[in-house]
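Worksheet: one structure, shown below.
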Amino acid sequence: MKSSDAAVVPAPDAKGGLETIRVIGETLRLVTDKRLELYDLTERVADILKRHDVKEGMVLLSSLHTTLALFVNEWQTALLHDVKAMLDKVVNPHDGWRHDDPEYSDCDRRNAHSHLQATLLGHALSFQVARGKLVLGRFQAIIAAELDGPRNRDLAVQIIGR
Amino acid sequence: MKSSDAAVVPAPDAKGGLETIRVIGETLRLVTDKRLELYDLTERVADILKRHDVKEGMVLLSSLHTTLALFVNEWQTALLHDVKAMLDKVVNPHDGWRHDDPEYSDCDRRNAHSHLQATLLGHALSFQVARGKLVLGRFQAIIAAELDGPRNRDLAVQIIGR
Amino acid sequence: MKSSDAAVVPAPDAKGGLETIRVIGETLRLVTDKRLELYDLTERVADILKRHDVKEGMVLLSSLHTTLALFVNEWQTALLHDVKAMLDKVVNPHDGWRHDDPEYSDCDRRNAHSHLQATLLGHALSFQVARGKLVLGRFQAIIAAELDGPRNRDLAVQIIGR
């Protein structure tokens with residue numbers, strides 16, 4: 001493991017308080033159309049950021065649902081198929097979960113696996129903003145995983161920066 | 001996938017530096033009582049936020065332990081049972097891990113699976129704060145997963161905002 | 001579950017705008033030397049923080065790659081072996097993934113499992129900074145998981161604070 005640290009983003013220091021940190025909140029609505037599906041949110045998050053003209057800071061993207069998860073990876077058709085297959089391999093929908101059993105649960109959606117898959121993927125993502133743009137690698141996309149659709153979904157988008 | 005973006009949270013712009021961002025840190029102590037158990041921290045985190053009267057910003061909640069993880073999902077008894085069952089299915093405690101083998105490891109807690117499950121769930125969570133409240137969906141709870149208790153656990157709670 | 005909340009970190013309140021929040025960005029280069037390997041980044045991230053002398057705030061560490069993931073856990077040789085074994089158990093590299101099949105994919109790296117393992121671990125981590133230091137538990141290390149090396153990898157390090 002060799003290493004070199006290089007500053008690539010200018011560090012905007014204090015300038016007498018003329019530049020104040022802004023805290024901006026929005027909601028992003030996602031209308032999903034399948035039980036299990038992935039959606040590329042990269043451009044939509046980038047558009048919200050652009051509209052507010054924040055140059056340096058961060059973006060926090062949060063799912064407001066327990067069966068809609070978020071992750072970052074490559075947006076490639078074959079791989080998206082694999083992500084969905086992997087989710088159902090790691091958490092088998094037909095594994096006799098209590099949340100799906102009327103004896104234990106008042107939920108009749110039989111979506112235990114959707115909740116469980118969501119806990120493994122995570123509900124929120126943070127991104128750096130530098131020079132007015134999301135800091136993402138060349139192949140990185142912001143992906144929402146609908147695990148129990150179709151539904152109308154809301155994601156909270158927060159921008160903190162200047 | 002249809003879409004509409006709507007600003008739901010007022011964006012408090014710079015007001016001549018009169019409102020300065022605050023950075024607040026606290027520790028939340030969790031005393032766990034089982035080897036594998038889940039704890040609802042939602043109200044406790046909300047109470048800390050309330051006490052500091054931050055209106056717009058974010059909260060970072062971090063486990064300070066390698067076998068205590070955090071995630072967001074629904075607080076429903078049947079589902080909590082499923083989460084615990086799922087963790088032991090995805091990472092089988094009796095799978096011959098080296099961390100549990102005195103030939104390879106000086107740890108005698110036989111808790112390899114606890115560490116491994118923690119890496120899959122994650123050690124920290126970020127939340128948006130808007131109008132003085134944690135931004136959470138109707139069914140979302142902040143849940144701590146004790147994976148190798150019972151123990152006294154500390155979580156760092158940080159609030160950044162105004 | 002007993003509880004006690006105790007403020008352990010002084011809360012630096014507004015001081016008339018004299019202390020302005022800084023937003024700092026750097027890139028951390030990691031040169032990996034194996035197909036599947038773990039790297040301890042704790043000291044390197046701590047060094048970057050130290051260099052910028054931020055006392056209270058947060059650090060966001062982001063992988064800029066789709067097959068390099070990040071997590072926090074203990075840096076112990078036996079456990080590191082287990083983490084690698086666990087990743088290949090949870091997502092079997094030889095499970096007939098489409099991303100590895102020339103009929104479906106133009107990627108010839110046969111690294112579907114690397115992408116899938118990355119989605120489960122996560123691409124970014126947030127850390128609290130208090131009294132000039134990363135807030136980490138005694139056994140917590142910041143670990144990068146190279147899932148498809150060897151390669152030159154870049155991680156974005158952002159510090160927000162004062």
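In the structure tokens, chains take the letters A, B, ... in the order shown, each chain's residues start at 1, and ligands count up from 1 in the order shown.
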
### Long-range neighbours of segment 80-92 of chain B as a PyMOL selection string, 8 Å cut-off, only C-alpha atoms, 4 positions minimum in chain
(chain A and resi 90-91+97-99+112+116) or (chain B and resi 36-38+75-76+113+116-117) or (chain C and resi 86+90)

Go ahead and save the picked residues with N, CA and C atoms, as a PDB file, in the first residue's frame.
```
ATOM      1  N   VAL A  90     -29.763 -13.201  -0.596  1.00  0.00           N
ATOM      2  CA  VAL A  90     -29.278 -12.926   0.760  1.00  0.00           C
ATOM      3  C   VAL A  90     -30.438 -12.962   1.753  1.00  0.00           C
ATOM      4  N   VAL A  91     -31.573 -12.434   1.349  1.00  0.00           N
ATOM      5  CA  VAL A  91     -32.787 -12.484   2.181  1.00  0.00           C
ATOM      6  C   VAL A  91     -33.906 -13.103   1.344  1.00  0.00           C
ATOM      7  N   TRP A  97     -40.805 -15.757   7.431  1.00  0.00           N
ATOM      8  CA  TRP A  97     -40.601 -14.644   8.353  1.00  0.00           C
ATOM      9  C   TRP A  97     -41.863 -14.383   9.181  1.00  0.00           C
ATOM     10  N   ARG A  98     -41.683 -14.017  10.426  1.00  0.00           N
ATOM     11  CA  ARG A  98     -42.834 -13.761  11.312  1.00  0.00           C
ATOM     12  C   ARG A  98     -43.672 -12.557  10.883  1.00  0.00           C
ATOM     13  N   HIS A  99     -43.003 -11.562  10.324  1.00  0.00           N
ATOM     14  CA  HIS A  99     -43.719 -10.366   9.869  1.00  0.00           C
ATOM     15  C   HIS A  99     -44.763 -10.720   8.791  1.00  0.00           C
ATOM     16  N   ALA A 112     -41.791  -8.878   4.650  1.00  0.00           N
ATOM     17  CA  ALA A 112     -40.687  -8.964   5.617  1.00  0.00           C
ATOM     18  C   ALA A 112     -39.348  -8.828   4.900  1.00  0.00           C
ATOM     19  N   LEU A 116     -36.124  -6.323   5.508  1.00  0.00           N
ATOM     20  CA  LEU A 116     -34.816  -6.886   5.864  1.00  0.00           C
ATOM     21  C   LEU A 116     -33.752  -6.499   4.838  1.00  0.00           C
TER      22      LEU A 116
ATOM     23  N   LEU B  36     -28.134 -10.793  21.823  1.00  0.00           N
ATOM     24  CA  LEU B  36     -28.572 -10.217  20.545  1.00  0.00           C
ATOM     25  C   LEU B  36     -29.905  -9.534  20.786  1.00  0.00           C
ATOM     26  N   GLU B  37     -29.946  -8.212  20.681  1.00  0.00           N
ATOM     27  CA  GLU B  37     -31.202  -7.505  20.952  1.00  0.00           C
ATOM     28  C   GLU B  37     -31.235  -6.169  20.199  1.00  0.00           C
ATOM     29  N   LEU B  38     -32.450  -5.693  19.955  1.00  0.00           N
ATOM     30  CA  LEU B  38     -32.644  -4.421  19.256  1.00  0.00           C
ATOM     31  C   LEU B  38     -33.256  -3.402  20.212  1.00  0.00           C
ATOM     32  N   TRP B  75     -40.365  -0.358  13.830  1.00  0.00           N
ATOM     33  CA  TRP B  75     -40.324  -0.969  15.151  1.00  0.00           C
ATOM     34  C   TRP B  75     -41.586  -1.788  15.339  1.00  0.00           C
ATOM     35  N   GLN B  76     -41.530  -3.041  14.854  1.00  0.00           N
ATOM     36  CA  GLN B  76     -42.689  -3.935  14.966  1.00  0.00           C
ATOM     37  C   GLN B  76     -42.189  -5.272  15.500  1.00  0.00           C
ATOM     38  N   HIS B 113     -19.125 -13.478  14.500  1.00  0.00           N
ATOM     39  CA  HIS B 113     -20.370 -13.144  13.794  1.00  0.00           C
ATOM     40  C   HIS B 113     -20.910 -11.778  14.204  1.00  0.00           C
ATOM     41  N   LEU B 116     -19.010  -9.295  12.217  1.00  0.00           N
ATOM     42  CA  LEU B 116     -19.346  -9.398  10.790  1.00  0.00           C
ATOM     43  C   LEU B 116     -20.743  -8.847  10.515  1.00  0.00           C
ATOM     44  N   GLN B 117     -21.668  -9.156  11.394  1.00  0.00           N
ATOM     45  CA  GLN B 117     -23.023  -8.608  11.227  1.00  0.00           C
ATOM     46  C   GLN B 117     -22.988  -7.082  11.329  1.00  0.00           C
TER      47      GLN B 117
ATOM     48  N   MET C  86     -16.438 -13.913   4.779  1.00  0.00           N
ATOM     49  CA  MET C  86     -17.864 -13.612   4.872  1.00  0.00           C
ATOM     50  C   MET C  86     -18.384 -12.985   3.588  1.00  0.00           C
ATOM     51  N   VAL C  90     -21.515 -14.471   1.556  1.00  0.00           N
ATOM     52  CA  VAL C  90     -22.787 -13.758   1.384  1.00  0.00           C
ATOM     53  C   VAL C  90     -23.059 -13.515  -0.103  1.00  0.00           C
TER      54      VAL C  90
END
```

### Message
Give me, as a PyMOL selection string, all polymer residues having an atom no more than 6 Å from segment 132-142 of chain B, counting only C-alpha atoms and skipping those fewer than 3 positions away in the same chain.
### Response
(chain A and resi 64-65) or (chain B and resi 40-42+54-55+72-74+128-129)

For the residues in the current selection, export C-alpha atoms as a compact mmCIF listing (two decimals), in the first residue's frame.
```txt
# COMPACT_ATOMS: atom_id res chain seq x y z
CA LEU A 64 -38.51 8.29 4.31
CA HIS A 65 -39.70 4.70 3.98
CA ASP B 40 -35.46 1.83 19.76
CA LEU B 41 -33.43 5.05 20.11
CA THR B 42 -35.80 7.34 18.20
CA VAL B 54 -31.50 23.41 16.64
CA LYS B 55 -34.03 24.16 13.90
CA VAL B 72 -33.39 2.57 10.45
CA ASN B 73 -36.53 0.50 9.99
CA GLU B 74 -39.96 -0.22 11.44
CA GLN B 128 -31.82 15.72 8.53
CA VAL B 129 -33.24 18.22 11.01
```

Select from chain A every residue with an atom at most 6 Å from any atom of chain B, then for each give the shortest pair of atoms and their distance in Å to one decimal, using only C-alpha atoms, rows by chain and rising number, as a tab-separated table.
```
residue	atom	partner	partner_atom	distance
A:Gly17	CA	B:Gly17	CA	5.7
A:Thr20	CA	B:Ala14	CA	5.3
A:Arg22	CA	B:Asp13	CA	5.6
A:Ile24	CA	B:Ala11	CA	4.6
A:Gly25	CA	B:Val9	CA	5.0
A:Glu26	CA	B:Ala7	CA	4.4
A:Thr27	CA	B:Ala6	CA	5.6
A:Leu28	CA	B:Asp5	CA	4.9
A:Arg29	CA	B:Ser4	CA	5.6
A:Leu30	CA	B:Ser3	CA	5.7
A:Val31	CA	B:Met1	CA	5.3
A:Thr32	CA	B:Met1	CA	5.6
A:Leu64	CA	B:Gly137	CA	4.2
A:His65	CA	B:Gly137	CA	5.6
A:Thr66	CA	B:Asn73	CA	5.0
A:Trp97	CA	B:Asp82	CA	5.9
A:Arg98	CA	B:Ala78	CA	5.2
A:His99	CA	B:Ala78	CA	4.8
A:Tyr104	CA	B:Ala78	CA	5.9
A:Ser105	CA	B:Ala78	CA	5.9
A:Leu120	CA	B:Leu121	CA	5.6
```

### Task
List every residue of segment 41-154 of chain C that DSSP, applied to the backbone of this structure, places in strand (DSSP E or B), and write the result as a PyMOL selection string.
chain C and resi 57-63+68-73+124-130+133-134+141-146+152-154

### Message
Could you tell me how far atom CA of Ile48 of chain B sits from atom CA of Ile159 of chain B, in Å to one decimal place?
### Response
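Taking atom CA of Ile159 of chain B and atom CA of Ile48 of chain B, their separation equals 9.1 Å.
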
### Message
I'd like the contact shell of Asn111 of chain C - 8 Å cut-off, only C-alpha atoms, skipping same-chain residues fewer than 6 positions apart - returned as a count of residues only.
### Response
4

### Message
What's the separation between atom CA of Asp101 of chain B and atom CA of Thr67 of chain B, in Å to one decimal place?
### Response
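That distance, rounded to one decimal, is 17.9 Å.
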